Number of protein chains: 2
Amino acid sequence: MSPNNQTVFKALADPTRRAIIKTLRKESKTAGAIADEFPITRASLSHHFNILKSADLVRTERRGQHIVYSLNVTVLDDVAAILYDLFSSTDKVSDRS
Amino acid sequence: MSPNNQTVFKALADPTRRAIIKTLRKESKTAGAIADEFPITRASLSHHFNILKSADLVRTERRGQHIVYSLNVTVLDDVAAILYDLFSSTDKVSDRS
DNA sequence: ATGATATTTAGACAAATATCTAAATAATTG
DNA sequence: CAATTATTTAGATATTTGTCTAAATATCAT
C-alpha cells in the first residue's frame, strides 16, 4: 500500500513538485487553481500530479468538474523515518530501499 | 556554502547513492572499499561520490593513495528542516527551493 | 625513475524525465 | 443533446542522468 522510498524521493527531487507541495500546505486546491500559479501547461502539471499521487504525497477528490488536490501530511512522518533510518548507525534490519 | 535543496534532494533520489550513505553509516570507508560492495564500475561510483559531495552529504579525506569517504550527519538536520518547511503550513518566509 | 595500486576525469550512449501539442474523457449548463 | 469548462491521456521531443570504457592523475614501493 504505502509507496516505496524510491517513489517518494523521486517525487521530492523535482522543484516543480516541491512547489506544488508548498502551495498545498495551507489549503487544498483544484488542479486549475494550482495550474494558475505555474508557468507550465496543465498537461505537464497533470504529469506531476500523477507522480505526487504515486508517492502518496497528495490525495484527490472529485468535486463536480473539479478535482481537488490535498497534501497528505502523514507522509512527512514516513519520510522523516526513512531519513532517520538512512543516516542512523544503529543495527536494525532495513529494507535497503 | 551549504548546498541548495535541489542538490540534496537530487542526491537522495538515486538508490545507489542512498545505499552508499547506508554503507557509510557505521564507519568511514575508502572509495575502493565502497566499490567492493557495489556491482557497478568505480568510474560510475566516482560520479555518485561527486554528487554526494556536491550535496555535502559526504566528506572526503585523502589517506595515502586512498580517499576516505565519511558521512556528514549534520546534513540530516538540514534535510529534516527542509522537509518540515516543505510540509509546514506556517507563514514564514521561504526560499521556495 | 619505474611499476603497481587507487581514484578520478573525459567522452559516448541508452534509459529516464520534463515538457509540449493535440486529442480524449468527465461533468455542467443551456 | 450540444456546447462549455476542467482535467487527463497519448505521443513526440529535448534534456538529464546513470552507466560504461579508456585515459589521466596521484600516491606508494622498489
# chains A, B, ... in the order shown; residues from 1 in each chain; ligands from 1
>>> interface_residues(of="chain C", to="chain A", cutoff="10 Å", atoms="only C-alpha atoms (C1' of nucleotides)", output="list in words")
DA18, DT19, DC20, DT21, DA26, DA27 and DT28 of chain C
>>> write_last_selection(atoms="all heavy atoms", output="compact mmCIF listing (two decimals), in the first residue's frame")
# COMPACT_ATOMS: atom_id res chain seq x y z
P DA C 18 10.96 14.54 -13.86
OP1 DA C 18 11.70 14.80 -12.62
OP2 DA C 18 9.70 13.77 -13.84
O5' DA C 18 10.69 15.94 -14.58
C5' DA C 18 11.79 16.71 -15.03
C4' DA C 18 11.32 17.64 -16.13
O4' DA C 18 11.26 16.92 -17.38
C3' DA C 18 9.93 18.25 -15.92
O3' DA C 18 9.99 19.63 -16.24
C2' DA C 18 9.03 17.47 -16.90
C1' DA C 18 10.02 17.12 -18.00
N9 DA C 18 9.69 15.88 -18.73
C8 DA C 18 9.18 14.72 -18.22
N7 DA C 18 9.01 13.78 -19.10
C5 DA C 18 9.43 14.34 -20.29
C6 DA C 18 9.50 13.86 -21.60
N6 DA C 18 9.12 12.63 -21.97
N1 DA C 18 9.97 14.69 -22.55
C2 DA C 18 10.36 15.93 -22.19
N3 DA C 18 10.34 16.50 -20.99
C4 DA C 18 9.86 15.65 -20.07
P DT C 19 8.73 20.56 -16.02
OP1 DT C 19 9.26 21.85 -15.50
OP2 DT C 19 7.71 19.82 -15.28
O5' DT C 19 8.19 20.80 -17.50
C5' DT C 19 9.03 21.43 -18.46
C4' DT C 19 8.55 21.15 -19.86
O4' DT C 19 8.62 19.72 -20.11
C3' DT C 19 7.09 21.48 -20.14
O3' DT C 19 6.96 22.80 -20.57
C2' DT C 19 6.72 20.51 -21.27
C1' DT C 19 7.83 19.48 -21.25
N1 DT C 19 7.33 18.09 -21.19
C2 DT C 19 7.31 17.35 -22.35
O2 DT C 19 7.68 17.81 -23.42
N3 DT C 19 6.82 16.08 -22.23
C4 DT C 19 6.37 15.47 -21.08
O4 DT C 19 5.97 14.32 -21.10
C5 DT C 19 6.42 16.29 -19.90
C7 DT C 19 5.95 15.73 -18.59
C6 DT C 19 6.89 17.54 -20.01
P DC C 20 5.50 23.42 -20.90
OP1 DC C 20 5.63 24.89 -20.91
OP2 DC C 20 4.53 22.77 -19.99
O5' DC C 20 5.20 22.91 -22.39
C5' DC C 20 6.13 23.21 -23.43
C4' DC C 20 5.72 22.53 -24.72
O4' DC C 20 5.89 21.09 -24.56
C3' DC C 20 4.26 22.76 -25.07
O3' DC C 20 4.12 23.62 -26.17
C2' DC C 20 3.71 21.37 -25.43
C1' DC C 20 4.84 20.42 -25.21
N1 DC C 20 4.41 19.29 -24.32
C2 DC C 20 4.26 18.01 -24.86
O2 DC C 20 4.48 17.83 -26.06
N3 DC C 20 3.85 17.00 -24.05
C4 DC C 20 3.60 17.23 -22.76
N4 DC C 20 3.21 16.22 -22.01
C5 DC C 20 3.76 18.54 -22.20
C6 DC C 20 4.15 19.54 -23.00
P DT C 21 2.61 24.14 -26.55
OP1 DT C 21 2.78 25.40 -27.30
OP2 DT C 21 1.75 24.10 -25.35
O5' DT C 21 2.07 23.01 -27.54
C5' DT C 21 2.80 22.70 -28.72
C4' DT C 21 2.04 21.65 -29.52
O4' DT C 21 2.01 20.41 -28.77
C3' DT C 21 0.59 21.99 -29.82
O3' DT C 21 0.27 21.54 -31.14
C2' DT C 21 -0.20 21.23 -28.76
C1' DT C 21 0.67 19.99 -28.58
N1 DT C 21 0.59 19.38 -27.23
C2 DT C 21 0.42 18.03 -27.11
O2 DT C 21 0.29 17.28 -28.07
N3 DT C 21 0.37 17.56 -25.82
C4 DT C 21 0.49 18.31 -24.67
O4 DT C 21 0.43 17.78 -23.57
C5 DT C 21 0.68 19.73 -24.86
C7 DT C 21 0.82 20.63 -23.68
C6 DT C 21 0.72 20.19 -26.12
P DA C 26 -14.55 8.86 -18.70
OP1 DA C 26 -14.16 7.83 -17.71
OP2 DA C 26 -15.59 8.57 -19.72
O5' DA C 26 -14.98 10.17 -17.93
C5' DA C 26 -14.03 10.82 -17.09
C4' DA C 26 -14.66 12.06 -16.49
O4' DA C 26 -14.53 13.17 -17.41
C3' DA C 26 -16.15 11.91 -16.19
O3' DA C 26 -16.38 12.39 -14.88
C2' DA C 26 -16.82 12.78 -17.25
C1' DA C 26 -15.77 13.83 -17.50
N9 DA C 26 -15.80 14.47 -18.81
C8 DA C 26 -15.88 13.87 -20.03
N7 DA C 26 -15.87 14.71 -21.04
C5 DA C 26 -15.76 15.95 -20.43
C6 DA C 26 -15.68 17.26 -20.95
N6 DA C 26 -15.72 17.53 -22.25
N1 DA C 26 -15.58 18.28 -20.06
C2 DA C 26 -15.55 18.00 -18.76
N3 DA C 26 -15.60 16.80 -18.16
C4 DA C 26 -15.71 15.83 -19.06
P DA C 27 -17.78 12.16 -14.17
OP1 DA C 27 -17.51 11.71 -12.79
OP2 DA C 27 -18.66 11.37 -15.06
O5' DA C 27 -18.35 13.65 -14.10
C5' DA C 27 -17.56 14.63 -13.43
C4' DA C 27 -18.12 15.99 -13.71
O4' DA C 27 -17.92 16.30 -15.11
C3' DA C 27 -19.61 16.14 -13.45
O3' DA C 27 -19.79 17.30 -12.65
C2' DA C 27 -20.23 16.29 -14.82
C1' DA C 27 -19.08 16.93 -15.60
N9 DA C 27 -19.10 16.71 -17.04
C8 DA C 27 -19.24 15.52 -17.71
N7 DA C 27 -19.21 15.63 -19.01
C5 DA C 27 -19.05 16.99 -19.22
C6 DA C 27 -18.93 17.76 -20.39
N6 DA C 27 -18.99 17.25 -21.62
N1 DA C 27 -18.77 19.10 -20.24
C2 DA C 27 -18.71 19.61 -19.00
N3 DA C 27 -18.80 18.98 -17.83
C4 DA C 27 -18.96 17.66 -18.01
P DT C 28 -21.23 17.75 -12.14
OP1 DT C 28 -21.07 18.19 -10.75
OP2 DT C 28 -22.21 16.70 -12.50
O5' DT C 28 -21.54 19.05 -13.03
C5' DT C 28 -20.63 20.15 -12.94
C4' DT C 28 -21.04 21.23 -13.91
O4' DT C 28 -20.90 20.74 -15.27
C3' DT C 28 -22.48 21.71 -13.77
O3' DT C 28 -22.48 23.12 -13.71
C2' DT C 28 -23.17 21.18 -15.03
C1' DT C 28 -22.02 21.16 -16.01
N1 DT C 28 -22.16 20.20 -17.14
C2 DT C 28 -22.04 20.68 -18.42
O2 DT C 28 -21.86 21.86 -18.68
N3 DT C 28 -22.16 19.72 -19.40
C4 DT C 28 -22.37 18.36 -19.23
O4 DT C 28 -22.45 17.61 -20.19
C5 DT C 28 -22.49 17.93 -17.86
C7 DT C 28 -22.72 16.48 -17.55
C6 DT C 28 -22.37 18.85 -16.88
>>> closest_atom_pairs(of="chain A", to="chain B", cutoff="6 Å", atoms="only C-alpha atoms", output="Markdown table")
| residue | atom | partner | partner_atom | distance |
| --- | --- | --- | --- | --- |
| A:Phe9 | CA | B:Ala13 | CA | 4.8 |
| A:Lys10 | CA | B:Ala13 | CA | 5.0 |
| A:Ala13 | CA | B:Phe9 | CA | 4.8 |
| A:Lys22 | CA | B:Leu86 | CA | 5.8 |
| A:Arg25 | CA | B:Ser89 | CA | 4.8 |
| A:Lys26 | CA | B:Ser89 | CA | 5.0 |
| A:Leu86 | CA | B:Lys22 | CA | 5.8 |
| A:Phe87 | CA | B:Arg25 | CA | 5.9 |
| A:Ser89 | CA | B:Arg25 | CA | 4.8 |
>>> write_last_selection(atoms="N, CA and C atoms", output="PDB file, in the first residue's frame")
ATOM      1  N   PHE A   9      11.278   9.652  -2.852  1.00  0.00           N
ATOM      2  CA  PHE A   9      12.447  10.511  -3.082  1.00  0.00           C
ATOM      3  C   PHE A   9      12.435  11.094  -4.487  1.00  0.00           C
ATOM      4  N   LYS A  10      12.079  10.271  -5.455  1.00  0.00           N
ATOM      5  CA  LYS A  10      11.997  10.781  -6.818  1.00  0.00           C
ATOM      6  C   LYS A  10      10.953  11.892  -6.911  1.00  0.00           C
ATOM      7  N   ALA A  13      12.274  15.074  -5.665  1.00  0.00           N
ATOM      8  CA  ALA A  13      13.504  15.558  -6.308  1.00  0.00           C
ATOM      9  C   ALA A  13      13.250  16.629  -7.362  1.00  0.00           C
ATOM     10  N   LYS A  22       4.264  22.904  -1.676  1.00  0.00           N
ATOM     11  CA  LYS A  22       4.226  24.146  -0.898  1.00  0.00           C
ATOM     12  C   LYS A  22       2.907  24.888  -1.055  1.00  0.00           C
ATOM     13  N   ARG A  25       0.241  23.522   1.098  1.00  0.00           N
ATOM     14  CA  ARG A  25       0.440  23.480   2.550  1.00  0.00           C
ATOM     15  C   ARG A  25      -0.717  24.108   3.315  1.00  0.00           C
ATOM     16  N   LYS A  26      -1.172  25.269   2.839  1.00  0.00           N
ATOM     17  CA  LYS A  26      -2.188  25.995   3.594  1.00  0.00           C
ATOM     18  C   LYS A  26      -3.594  25.512   3.312  1.00  0.00           C
ATOM     19  N   LEU A  86      18.047   6.115   7.174  1.00  0.00           N
ATOM     20  CA  LEU A  86      19.122   6.238   6.189  1.00  0.00           C
ATOM     21  C   LEU A  86      20.433   6.682   6.844  1.00  0.00           C
ATOM     22  N   PHE A  87      20.313   7.594   7.781  1.00  0.00           N
ATOM     23  CA  PHE A  87      21.511   8.159   8.390  1.00  0.00           C
ATOM     24  C   PHE A  87      21.894   7.505   9.710  1.00  0.00           C
ATOM     25  N   SER A  89      23.098   4.973  12.536  1.00  0.00           N
ATOM     26  CA  SER A  89      24.142   3.946  12.535  1.00  0.00           C
ATOM     27  C   SER A  89      23.728   2.733  13.345  1.00  0.00           C
TER      28      SER A  89
END
>>> closest_residue(among="B:Ile67, B:Leu52, B:Leu57, B:Ala31", to="chain D", atoms="only C-alpha atoms (C1' of nucleotides)")
B:Ile67
>>> interface_residues(of="chain D", to="chain B", cutoff="12 Å", atoms="only C-alpha atoms (C1' of nucleotides)", output="ChimeraX atom specification")
/D:16-23,25-29
>>> select_by_dssp(residues="chain B", states="helix (DSSP H, G or I)", output="ChimeraX atom specification")
/B:5-12,15-23,31-35,42-54,74-87
>>> select_by_dssp(residues="chain A", states="strand (DSSP E or B)", output="number ranges by chain")
A: 29-30, 58-63, 66-71
>>> write_last_selection(atoms="N, CA and C atoms", output="compact mmCIF listing (two decimals), in the first residue's frame")
# COMPACT_ATOMS: atom_id res chain seq x y z
N LYS A 29 -6.42 22.64 -3.13
CA LYS A 29 -6.75 23.44 -4.30
C LYS A 29 -7.13 22.55 -5.47
N THR A 30 -7.89 23.11 -6.39
CA THR A 30 -8.23 22.35 -7.60
C THR A 30 -7.03 22.36 -8.55
N VAL A 58 0.09 13.43 -2.20
CA VAL A 58 -1.18 14.16 -2.32
C VAL A 58 -2.32 13.18 -2.52
N ARG A 59 -3.49 13.63 -2.15
CA ARG A 59 -4.72 12.86 -2.34
C ARG A 59 -5.65 13.69 -3.21
N THR A 60 -6.58 13.03 -3.88
CA THR A 60 -7.50 13.76 -4.74
C THR A 60 -8.95 13.43 -4.38
N GLU A 61 -9.78 14.38 -4.71
CA GLU A 61 -11.22 14.19 -4.51
C GLU A 61 -11.92 14.95 -5.61
N ARG A 62 -12.81 14.30 -6.29
CA ARG A 62 -13.54 15.00 -7.33
C ARG A 62 -14.68 15.80 -6.70
N ARG A 63 -14.78 17.06 -7.15
CA ARG A 63 -15.89 17.88 -6.70
C ARG A 63 -16.48 18.54 -7.94
N HIS A 66 -14.38 19.72 -11.00
CA HIS A 66 -13.05 19.99 -10.47
C HIS A 66 -12.48 18.77 -9.76
N ILE A 67 -11.17 18.74 -9.72
CA ILE A 67 -10.51 17.74 -8.90
C ILE A 67 -9.67 18.47 -7.88
N VAL A 68 -9.95 18.20 -6.64
CA VAL A 68 -9.28 18.91 -5.54
C VAL A 68 -8.08 18.11 -5.06
N TYR A 69 -6.95 18.76 -5.02
CA TYR A 69 -5.74 18.12 -4.52
C TYR A 69 -5.45 18.57 -3.10
N SER A 70 -5.11 17.59 -2.26
CA SER A 70 -4.78 17.89 -0.86
C SER A 70 -3.44 17.26 -0.52
N LEU A 71 -2.73 17.90 0.36
CA LEU A 71 -1.48 17.36 0.84
C LEU A 71 -1.75 16.25 1.83
>>> atom_distance(atom1="atom C1' of DT15 of chain D", atom2="atom C1' of DT17 of chain C")
8.3 Å
>>> atom_distance(atom1="atom CA of Asp56 of chain B", atom2="atom C1' of DG11 of chain C")
26.6 Å
>>> atom_distance(atom1="atom C1' of DG30 of chain C", atom2="atom CA of Gly32 of chain A")
23.5 Å
